[in-house]
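Coordinates from run-v7.pdb are shown below (PDB, C-alpha atoms and all ligand atoms).
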```
ATOM      1  CA  MET N   1      28.120  47.267 -27.289
ATOM      2  CA  LYS N   2      25.863  45.498 -29.750
ATOM      3  CA  VAL N   3      28.034  42.395 -29.586
ATOM      4  CA  THR N   4      27.879  42.349 -25.797
ATOM      5  CA  ARG N   5      24.126  42.419 -25.876
ATOM      6  CA  TRP N   6      23.995  39.645 -28.446
ATOM      7  CA  LEU N   7      26.399  37.588 -26.382
ATOM      8  CA  PHE N   8      24.301  38.142 -23.276
ATOM      9  CA  ARG N   9      21.179  37.023 -25.077
ATOM     10  CA  GLU N  10      22.847  33.946 -26.490
ATOM     11  CA  THR N  11      24.210  33.002 -23.074
ATOM     12  CA  ILE N  12      20.717  33.168 -21.589
ATOM     13  CA  HIS N  13      19.465  31.102 -24.491
ATOM     14  CA  LEU N  14      22.138  28.492 -23.926
ATOM     15  CA  TRP N  15      21.389  28.249 -20.215
ATOM     16  CA  LEU N  16      17.735  27.835 -20.970
ATOM     17  CA  LEU N  17      18.545  24.903 -23.225
ATOM     18  CA  VAL N  18      20.793  23.340 -20.589
ATOM     19  CA  TRP N  19      18.102  23.780 -17.959
ATOM     20  CA  LEU N  20      15.500  22.207 -20.219
ATOM     21  CA  ALA N  21      17.754  19.241 -20.948
ATOM     22  CA  VAL N  22      18.562  18.688 -17.287
ATOM     23  CA  SER N  23      15.045  19.126 -15.995
ATOM     24  CA  SER N  24      13.480  16.832 -18.544
ATOM     25  CA  ALA N  25      16.117  14.096 -18.322
ATOM     26  CA  PRO N  26      14.857  12.407 -15.127
ATOM     27  CA  CYS N  27      11.531  11.655 -16.807
ATOM     28  CA  GLY N  28      13.299   9.420 -19.247
ATOM     29  CA  LEU N  29      15.919   8.032 -16.885
ATOM     30  CA  ALA N  30      13.917   7.413 -13.740
ATOM     31  CA  GLN N  31      11.195   5.409 -15.390
ATOM     32  CA  ASN N  32      10.949   2.410 -13.158
ATOM     33  CA  PRO N  33       9.206  -0.504 -14.841
ATOM     34  CA  GLN N  34       8.214  -1.885 -11.434
ATOM     35  CA  PRO N  35       7.079   0.726  -8.969
ATOM     36  CA  THR N  36       8.332  -0.243  -5.542
ATOM     37  CA  ALA N  37       5.646  -1.218  -3.088
ATOM     38  CA  ARG N  38       6.262  -1.307   0.632
ATOM     39  CA  VAL N  39       5.982  -4.844   1.924
ATOM     40  CA  ILE N  40       3.926  -5.483   5.046
ATOM     41  CA  GLU N  41       4.210  -8.956   6.531
ATOM     42  CA  ILE N  42       1.193 -10.348   8.308
ATOM     43  CA  LEU N  43       0.466 -13.658   9.928
ATOM     44  CA  ALA N  44      -3.132 -14.885   9.878
ATOM     45  CA  ASP N  45      -2.604 -17.410  12.598
ATOM     46  CA  HIS N  46      -4.139 -20.700  13.697
ATOM     47  CA  ASP N  47      -5.576 -19.053  16.817
ATOM     48  CA  SER N  48      -7.762 -16.781  14.665
ATOM     49  CA  ARG N  49      -5.630 -13.691  15.165
ATOM     50  CA  TYR N  50      -3.712 -11.420  12.852
ATOM     51  CA  LYS N  51      -0.146 -10.916  13.961
ATOM     52  CA  ILE N  52       2.658  -8.593  12.927
ATOM     53  CA  GLU N  53       6.155  -9.220  14.180
ATOM     54  CA  GLY N  54       7.217  -6.782  16.872
ATOM     55  CA  GLN N  55       3.681  -5.556  17.554
ATOM     56  CA  LYS N  56       1.693  -6.584  20.567
ATOM     57  CA  GLN N  57      -1.518  -5.102  19.178
ATOM     58  CA  PRO N  58      -1.055  -5.466  15.439
ATOM     59  CA  SER N  59      -2.020  -2.489  13.333
ATOM     60  CA  ILE N  60      -1.079  -1.266   9.893
ATOM     61  CA  THR N  61      -0.356   2.353   9.059
ATOM     62  CA  VAL N  62      -0.095   3.509   5.468
ATOM     63  CA  LYS N  63      -0.224   6.747   3.537
ATOM     64  CA  ALA N  64      -3.247   7.516   1.395
ATOM     65  CA  GLY N  65      -2.761   5.988  -2.043
ATOM     66  CA  GLU N  66       0.546   4.379  -1.093
ATOM     67  CA  LEU N  67       1.442   1.236  -3.018
ATOM     68  CA  ILE N  68       1.497  -1.689  -0.597
ATOM     69  CA  THR N  69       2.379  -5.355  -0.869
ATOM     70  CA  LEU N  70       0.624  -7.438   1.745
ATOM     71  CA  ARG N  71       2.621 -10.598   2.332
ATOM     72  CA  ILE N  72       0.218 -12.712   4.320
ATOM     73  CA  THR N  73       1.015 -16.106   5.758
ATOM     74  CA  ALA N  74      -2.075 -18.036   6.719
ATOM     75  CA  LYS N  75      -2.194 -20.925   9.164
ATOM     76  CA  LYS N  76      -5.329 -22.968   9.512
ATOM     77  CA  ALA N  77      -7.519 -22.553  12.555
ATOM     78  CA  LYS N  78     -10.345 -24.997  13.190
ATOM     79  CA  ASN N  79     -12.572 -24.518  10.162
ATOM     80  CA  LEU N  80     -12.185 -23.666   6.533
ATOM     81  CA  ASN N  81     -14.363 -22.646   3.618
ATOM     82  CA  ARG N  82     -15.455 -25.128   1.006
ATOM     83  CA  ASP N  83     -13.082 -23.469  -1.473
ATOM     84  CA  GLY N  84     -10.140 -24.183   0.821
ATOM     85  CA  SER N  85      -9.780 -20.669   2.242
ATOM     86  CA  ILE N  86      -8.730 -20.742   5.869
ATOM     87  CA  HIS N  87      -8.920 -17.000   6.674
ATOM     88  CA  GLY N  88      -9.986 -13.818   5.002
ATOM     89  CA  PHE N  89      -8.565 -10.322   4.906
ATOM     90  CA  SER N  90     -11.108  -7.648   4.165
ATOM     91  CA  LEU N  91     -10.792  -3.912   4.726
ATOM     92  CA  LEU N  92     -13.724  -1.875   6.018
ATOM     93  CA  ARG N  93     -14.060   1.818   6.731
ATOM     94  CA  ALA N  94     -14.335   1.995  10.528
ATOM     95  CA  LYS N  95     -17.099   4.572  10.832
ATOM     96  CA  ASP N  96     -19.697   2.712   8.743
ATOM     97  CA  ARG N  97     -18.010  -0.635   8.069
ATOM     98  CA  GLN N  98     -18.248  -0.009   4.357
ATOM     99  CA  PRO N  99     -16.063  -2.474   2.419
ATOM    100  CA  ILE N 100     -13.175  -0.948   0.496
ATOM    101  CA  PRO N 101     -13.182  -2.091  -3.147
ATOM    102  CA  GLU N 102     -10.320  -4.444  -4.100
ATOM    103  CA  TRP N 103      -9.337  -4.936  -0.467
ATOM    104  CA  ASP N 104     -10.965  -8.311  -0.022
ATOM    105  CA  PHE N 105      -8.903 -11.484  -0.028
ATOM    106  CA  LEU N 106      -9.428 -15.109   0.776
ATOM    107  CA  LEU N 107      -6.358 -16.810   2.162
ATOM    108  CA  LYS N 108      -5.170 -20.295   1.389
ATOM    109  CA  PRO N 109      -2.669 -22.063   3.640
ATOM    110  CA  GLY N 110       0.829 -20.670   3.124
ATOM    111  CA  THR N 111       2.144 -17.295   2.026
ATOM    112  CA  GLN N 112       0.511 -15.129  -0.586
ATOM    113  CA  GLU N 113       1.152 -11.587  -1.752
ATOM    114  CA  PHE N 114      -1.268  -8.888  -2.794
ATOM    115  CA  THR N 115      -0.048  -5.593  -4.237
ATOM    116  CA  LEU N 116      -2.463  -2.693  -4.328
ATOM    117  CA  ALA N 117      -2.907   0.974  -3.525
ATOM    118  CA  ALA N 118      -3.973   2.104  -0.071
ATOM    119  CA  PRO N 119      -7.347   3.845   0.187
ATOM    120  CA  SER N 120      -7.253   7.471  -0.895
ATOM    121  CA  GLU N 121      -9.383   8.603   2.020
ATOM    122  CA  PRO N 122      -7.375   9.163   5.209
ATOM    123  CA  GLY N 123      -8.875   7.809   8.396
ATOM    124  CA  GLU N 124      -9.467   4.760  10.470
ATOM    125  CA  TYR N 125     -10.164   1.379   8.925
ATOM    126  CA  ILE N 126     -10.495  -2.143  10.191
ATOM    127  CA  VAL N 127      -9.283  -5.447   8.784
ATOM    128  CA  VAL N 128     -11.669  -8.322   9.378
ATOM    129  CA  CYS N 129     -11.552 -12.030   8.706
ATOM    130  CA  THR N 130     -14.300 -13.242   6.380
ATOM    131  CA  VAL N 131     -13.942 -16.965   6.945
ATOM    132  CA  ILE N 132     -15.652 -18.469   9.987
ATOM    133  CA  CYS N 133     -12.324 -19.938  11.005
ATOM    134  CA  SER N 134     -13.070 -20.927  14.624
ATOM    135  CA  GLN N 135     -15.162 -19.949  17.623
ATOM    136  CA  ASP N 136     -12.752 -17.037  18.047
ATOM    137  CA  HIS N 137     -13.345 -15.761  14.513
ATOM    138  CA  GLU N 138     -15.335 -12.704  15.676
ATOM    139  CA  GLY N 139     -12.219 -11.369  17.366
ATOM    140  CA  MET N 140     -10.068 -11.713  14.269
ATOM    141  CA  ASN N 141      -9.584  -8.101  13.281
ATOM    142  CA  MET N 142      -6.911  -5.435  13.241
ATOM    143  CA  ARG N 143      -6.635  -1.648  13.110
ATOM    144  CA  PHE N 144      -5.620  -0.074   9.821
ATOM    145  CA  ILE N 145      -4.783   3.631   9.678
ATOM    146  CA  VAL N 146      -4.561   5.715   6.532
ATOM    147  CA  LEU N 147      -2.554   8.906   6.979
ATOM    148  CA  PRO N 148      -3.072  11.918   4.708
TER
HETATM  149 CU    CU R 201     -11.188 -15.994  10.728
END
```

If you convert what's in this file into structure tokens, what do you get?
Amino acid sequence: MKVTRWLFRETIHLWLLVWLAVSSAPCGLAQNPQPTARVIEILADHDSRYKIEGQKQPSITVKAGELITLRITAKKAKNLNRDGSIHGFSLLRAKDRQPIPEWDFLLKPGTQEFTLAAPSEPGEYIVVCTVICSQDHEGMNMRFIVLP
């Protein structure tokens, strides 16, 4: 009887050890040196419009805090900044147009990538161009939605 109880206790002990080993293993194994960011391809076009393939009215939807890579191809409109930037990409909170820190880029001709975390506050945002790129510059904007 005593032996049975001892055996029972040792079995529990053993299972506990197995469980600990299994449950802690992924921490060591799954460590990814490069966290994967979702790539979003955007065209900042020569007609002073943002475009996303397959979307008539381009808009970007992300999850709060999600890691995003913006792959933006910029094509020159009429005017450019003195520093050579042909378009901008700046994120504002829609309700008060408050700029979102880090989310402010100047675009040179060609393709450039920016990897960063989406805003942590869910809601509606707006992307605006910050380079007076043509007479149509004022209309160069795009919806940006952050889901909880
Ligand atoms: Cu512009």

- Note on the structure: In Å and to one decimal, CA of Ile100 (chain N) is distant from CA of Gln135 (chain N) by 25.7 Å

- Got a sec to check which residues lie within 10 Å of ligand CU 201 (chain R), using all atoms listed in the file, and send them as an NGL selection string? :N and (44-50 or 76-80 or 85-89 or 107 or 128-141)

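Using only C-alpha atoms for every distance, the candidate list N:Asn81, N:Thr69, N:Gln55, N:Thr61 yields N:Thr69 as the residue closest to Phe114 (chain N).
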
- Spatial neighbours of Phe144 (chain N), 7 Å, all atoms listed in the file, chain gap at least 6 places, as a ChimeraX atom specification: /N:59-61,124-127

- Any chance you could work out the residue set of the PyMOL selection byres (((chain N and resi 53) around 9) and not hetatm) here, as a count of residues only? 9

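If only C-alpha atoms are the atoms counted, then among N:Val62, N:Thr115, N:Asp83, N:Trp103 the closest residue to Thr36 (chain N) is N:Thr115.
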
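This file gives the following result for the PyMOL selection byres (((chain N and resi 67) around 10) and not hetatm): Pro35, Thr36, Ala37, Arg38, Val39, Val62, Lys63, Ala64, Gly65, Glu66, Ile68, Thr69, Leu70, Thr115, Leu116, Ala117, Ala118 and Pro119 of chain N.
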
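CA of Lys75 (chain N) is found 16.8 Å from CA of Ser90 (chain N).
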
- Query: What does the distance from CA of Gly123 (chain N) to CA of Leu147 (chain N) come to in Å, to one decimal?
  - Reply: 6.6 Å

- Counting all atoms listed in the file, the residue among N:Asp104, N:Glu10, N:Asp96, N:Glu121 that lies closest to Ile145 (chain N) is N:Glu121

- Resolved residues for the PyMOL selection byres (((chain N and resi 109) around 6) and not hetatm) as a list in words: Ala74, Lys75, Lys108 and Gly110 of chain N

Listed atoms of region 107-110 of chain N boxed axis-aligned with 4 Å per side, centre + edges as AutoDock Vina command-line options:
```
--center_x -2.8 --center_y -19.4 --center_z 2.5 --size_x 15.2 --size_y 13.3 --size_z 10.3
```

Mind rebuilding region 66-77 of chain N with all heavy atoms and writing that out as an mmCIF file, in the coordinates of the input?
```cif
data_model
loop_
_atom_site.group_PDB
_atom_site.id
_atom_site.type_symbol
_atom_site.label_atom_id
_atom_site.label_comp_id
_atom_site.auth_asym_id
_atom_site.auth_seq_id
_atom_site.Cartn_x
_atom_site.Cartn_y
_atom_site.Cartn_z
ATOM 1 N N GLU N 66 -0.772 5.041 -1.054
ATOM 2 C CA GLU N 66 0.546 4.379 -1.093
ATOM 3 C C GLU N 66 0.428 2.969 -1.675
ATOM 4 O O GLU N 66 -0.534 2.256 -1.405
ATOM 5 C CB GLU N 66 1.091 4.302 0.348
ATOM 6 C CG GLU N 66 2.466 3.668 0.439
ATOM 7 C CD GLU N 66 2.963 3.541 1.879
ATOM 8 O OE1 GLU N 66 2.213 3.896 2.818
ATOM 9 O OE2 GLU N 66 4.110 3.090 2.049
ATOM 10 N N LEU N 67 1.437 2.582 -2.448
ATOM 11 C CA LEU N 67 1.442 1.236 -3.018
ATOM 12 C C LEU N 67 1.987 0.263 -1.965
ATOM 13 O O LEU N 67 3.077 0.451 -1.437
ATOM 14 C CB LEU N 67 2.292 1.195 -4.285
ATOM 15 C CG LEU N 67 2.075 -0.012 -5.183
ATOM 16 C CD1 LEU N 67 0.637 -0.070 -5.689
ATOM 17 C CD2 LEU N 67 3.048 0.000 -6.348
ATOM 18 N N ILE N 68 1.212 -0.764 -1.691
ATOM 19 C CA ILE N 68 1.497 -1.689 -0.597
ATOM 20 C C ILE N 68 1.515 -3.110 -1.135
ATOM 21 O O ILE N 68 0.686 -3.465 -1.965
ATOM 22 C CB ILE N 68 0.363 -1.608 0.461
ATOM 23 C CG1 ILE N 68 0.314 -0.225 1.106
ATOM 24 C CG2 ILE N 68 0.483 -2.686 1.503
ATOM 25 C CD1 ILE N 68 1.504 0.078 1.939
ATOM 26 N N THR N 69 2.462 -3.910 -0.650
ATOM 27 C CA THR N 69 2.379 -5.355 -0.869
ATOM 28 C C THR N 69 2.091 -6.016 0.468
ATOM 29 O O THR N 69 2.877 -5.886 1.403
ATOM 30 C CB THR N 69 3.683 -5.916 -1.470
ATOM 31 O OG1 THR N 69 3.847 -5.386 -2.784
ATOM 32 C CG2 THR N 69 3.635 -7.433 -1.552
ATOM 33 N N LEU N 70 0.951 -6.662 0.550
ATOM 34 C CA LEU N 70 0.624 -7.438 1.745
ATOM 35 C C LEU N 70 1.192 -8.831 1.528
ATOM 36 O O LEU N 70 0.840 -9.503 0.545
ATOM 37 C CB LEU N 70 -0.887 -7.528 1.932
ATOM 38 C CG LEU N 70 -1.640 -6.208 2.098
ATOM 39 C CD1 LEU N 70 -3.134 -6.451 1.989
ATOM 40 C CD2 LEU N 70 -1.292 -5.548 3.417
ATOM 41 N N ARG N 71 2.097 -9.234 2.410
ATOM 42 C CA ARG N 71 2.621 -10.598 2.332
ATOM 43 C C ARG N 71 2.021 -11.347 3.529
ATOM 44 O O ARG N 71 2.459 -11.180 4.660
ATOM 45 C CB ARG N 71 4.147 -10.602 2.390
ATOM 46 C CG ARG N 71 4.755 -11.995 2.240
ATOM 47 C CD ARG N 71 6.266 -11.920 2.267
ATOM 48 N NE ARG N 71 6.776 -11.227 1.085
ATOM 49 C CZ ARG N 71 7.918 -10.540 1.057
ATOM 50 N NH1 ARG N 71 8.674 -10.451 2.128
ATOM 51 N NH2 ARG N 71 8.310 -9.928 -0.050
ATOM 52 N N ILE N 72 0.991 -12.107 3.235
ATOM 53 C CA ILE N 72 0.218 -12.712 4.320
ATOM 54 C C ILE N 72 0.466 -14.217 4.370
ATOM 55 O O ILE N 72 0.302 -14.914 3.358
ATOM 56 C CB ILE N 72 -1.294 -12.463 4.143
ATOM 57 C CG1 ILE N 72 -1.562 -10.970 3.861
ATOM 58 C CG2 ILE N 72 -2.050 -12.907 5.393
ATOM 59 C CD1 ILE N 72 -3.023 -10.654 3.597
ATOM 60 N N THR N 73 0.875 -14.669 5.535
ATOM 61 C CA THR N 73 1.015 -16.106 5.758
ATOM 62 C C THR N 73 -0.184 -16.569 6.573
ATOM 63 O O THR N 73 -0.474 -16.000 7.627
ATOM 64 C CB THR N 73 2.330 -16.410 6.504
ATOM 65 O OG1 THR N 73 3.420 -15.963 5.696
ATOM 66 C CG2 THR N 73 2.481 -17.900 6.764
ATOM 67 N N ALA N 74 -0.872 -17.556 6.047
ATOM 68 C CA ALA N 74 -2.075 -18.036 6.719
ATOM 69 C C ALA N 74 -1.845 -19.438 7.268
ATOM 70 O O ALA N 74 -1.294 -20.307 6.585
ATOM 71 C CB ALA N 74 -3.250 -18.030 5.742
ATOM 72 N N LYS N 75 -2.262 -19.600 8.530
ATOM 73 C CA LYS N 75 -2.194 -20.925 9.164
ATOM 74 C C LYS N 75 -3.592 -21.306 9.610
ATOM 75 O O LYS N 75 -4.294 -20.504 10.223
ATOM 76 C CB LYS N 75 -1.228 -20.879 10.353
ATOM 77 C CG LYS N 75 0.205 -20.667 9.894
ATOM 78 C CD LYS N 75 1.199 -20.711 11.028
ATOM 79 C CE LYS N 75 2.617 -20.524 10.477
ATOM 80 N NZ LYS N 75 3.603 -20.396 11.541
ATOM 81 N N LYS N 76 -3.956 -22.507 9.312
ATOM 82 C CA LYS N 76 -5.329 -22.968 9.512
ATOM 83 C C LYS N 76 -5.732 -22.972 10.982
ATOM 84 O O LYS N 76 -4.996 -23.432 11.849
ATOM 85 C CB LYS N 76 -5.471 -24.378 8.931
ATOM 86 C CG LYS N 76 -6.899 -24.883 8.878
ATOM 87 C CD LYS N 76 -6.947 -26.307 8.349
ATOM 88 C CE LYS N 76 -8.265 -26.972 8.691
ATOM 89 N NZ LYS N 76 -8.393 -27.292 10.116
ATOM 90 N N ALA N 77 -6.918 -22.444 11.225
ATOM 91 C CA ALA N 77 -7.519 -22.553 12.555
ATOM 92 C C ALA N 77 -8.366 -23.823 12.551
ATOM 93 O O ALA N 77 -7.931 -24.834 12.003
ATOM 94 C CB ALA N 77 -8.345 -21.316 12.854
#
```
